[in-house]
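Enquirer: The structure follows.
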Amino acid sequence: MGLTKYKLGELIELVQDTNSELQYGPDDVKGMTITKEVIPTKANVSETDLSKFLVVHPGEFIYNPRTHGKRIGYS
């Protein structure tokens, strides 16, 4: 019995749900550590337009290539 190979894009779907209706506020914003842990943000976002922030729902995962490494953060 052989293994079937897939490209990652064949198994997952890109979701880019934004906070366009401002359902979430500054206290809801999370950050990601370099080890891909999701944590409360350290940034001051009180004056930031949160409508463009991405919303990550339970069961979805986050990939941020700017956080050094190959791990994936989960929500």
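In the structure tokens, chains take letters A, B, ... by order of appearance, with residues numbered from 1 within each chain and ligands from 1 in the order shown.
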DSSP on the backbone, then: every residue of region 1-69 of chain A marked strand (DSSP E or B), written as a VMD selection string.

Expert: chain A and resid 18 30 to 32 38 to 40 54 61 to 62

Enquirer: If we count only C-alpha atoms, what is near Asp17 (chain A) at a cut-off of 9 Å, once residues fewer than 4 positions away on the same chain are taken out, given as a list in words?

Expert: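 Skipping anything fewer than 4 positions along the chain leaves Phe53, Leu54, Val55 and Val56 of chain A.
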
Enquirer: Write out as a count of residues only the set of residues from chain A that DSSP, computed on the backbone, places in helix (DSSP H, G or I).

Expert: 12

Enquirer: Could you work out how far CA of Pro58 (chain A) lies from CA of Glu37 (chain A), giving the answer in Å with one decimal?

Expert: 14.8 Å

Enquirer: Could you work out how far CA of Leu22 (chain A) lies from CA of Lys52 (chain A), giving the answer in Å with one decimal?

Expert: 9.1 Å

Enquirer: Calculated over only C-alpha atoms, which of the candidates A:Val15, A:Leu8, A:Ser20, A:Leu3 has the smallest distance to His57 (chain A)?

Expert: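 Smallest distance to His57 (chain A) is found for A:Val15.
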
Enquirer: What is the CA of Asp27 (chain A)-CA of Phe61 (chain A) distance in Å, reported with one decimal?

Expert: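 Atom-to-atom, CA of Asp27 (chain A) to CA of Phe61 (chain A), that is 20.2 Å.
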
Enquirer: Point out the residue among A:Asp49, A:Lys36, A:Gly2, A:Asn44 with the least atom-to-atom distance to Asn19 (chain A), counting only C-alpha atoms.

Expert: A:Asp49
